[in-house]
Amino acid sequence: RACHARRVDDGESEKARVVGIFDRASATYDQVGIEFFGTVAAELVRRTGPRAGESVLEIGSGRGASALPTARAVGPTGRVVATDLAPGMVAALREMSADMPWMEVRVADAERPPTGPWDVVHAGLVLFFLPDLHGTLDRIHEVLAPAGRFGFTWFGDSDDSWASLTQRMQAMVPAPPGAAPGVEDSEEDEGPFSSVDAMDAVLADHGFHDPTTTTLRVRVDFADVDQWWAWIWSAGLRGLLERLDAHGVLEQARAEVDPELGRRAANGTLSWWTDVRCTVATR
């Protein structure tokens, strides 16, 4: 029991750390001239196909990359509830959705979805952050309508040519204990996010049916070195930059990696790609 309590406490501490990073990033999140989250969200909305009059729950909604087009799809006869634990994300999305009163935006935990029934539940690039993934899947299953669709996105393969650069920065400061996959360019080697087959098996264990996954390769081209840094500050790797700053070595890190960034910019390779998987299953 003591060990279980310690794991829960560690998970909640890590969750609070991640929420803090994204809350501080909320002002520039998806706002630095890079088309990424919108591309991923468009695939999610296309695959789940929300229709006029349906009710949709968005968990981990961020600034609304999928919530906003979903609200437009269901229209005033439908309903969208978008939740995020980062108050800055919620405030930004409330402002952007002010002309759609059928959309409610609230601060809430993705691990505690509100009671449905929901015709569609969306989880865009968020499930891998959750300490209690299995419990969350059970609760999502419970709140889905009998013919409801559950759609979520998650990372597959990615461009590993950047690994040495981020590893050099990470080596300059100690890693926070228990850092979640996705926050600092790490990834699970096993478990549900390791493969489509592994994810399908987990979904089946939690009562979901007919999962199908498509893979979208998203390429990001940076205009210059400054935009690369702006992108890093605007998303999950912000946590690494904040640690570098807290240890007084941020400028040293910039001095170390900027020459490499400059070379990439000069030869036209200041870009990055990742595969994003989009999975849709039914209740």
# chains A, B, ... in the order shown; residues from 1 in each chain; ligands from 1
$ residues_around --residues "A:Ala82" --least-positions-apart "6" --cutoff "12 Å" --atoms "only C-alpha atoms" --output "NGL selection string"
:A and (55-68 or 70-71 or 89-94 or 97 or 102-110 or 113-114 or 120-124)
$ residues_around --residues "stretch 140-155 of chain A" --least-positions-apart "3" --cutoff "8 Å" --atoms "only C-alpha atoms" --output "MDAnalysis selection string"
chainID A and resid 40 44 47:48 113:128 136:137 158 193 206:208 274:283
$ closest_residue --among "A:Gln170, A:Ser234, A:Asn267, A:Ser195" --to "A:Tyr29" --atoms "only C-alpha atoms"
A:Ser234
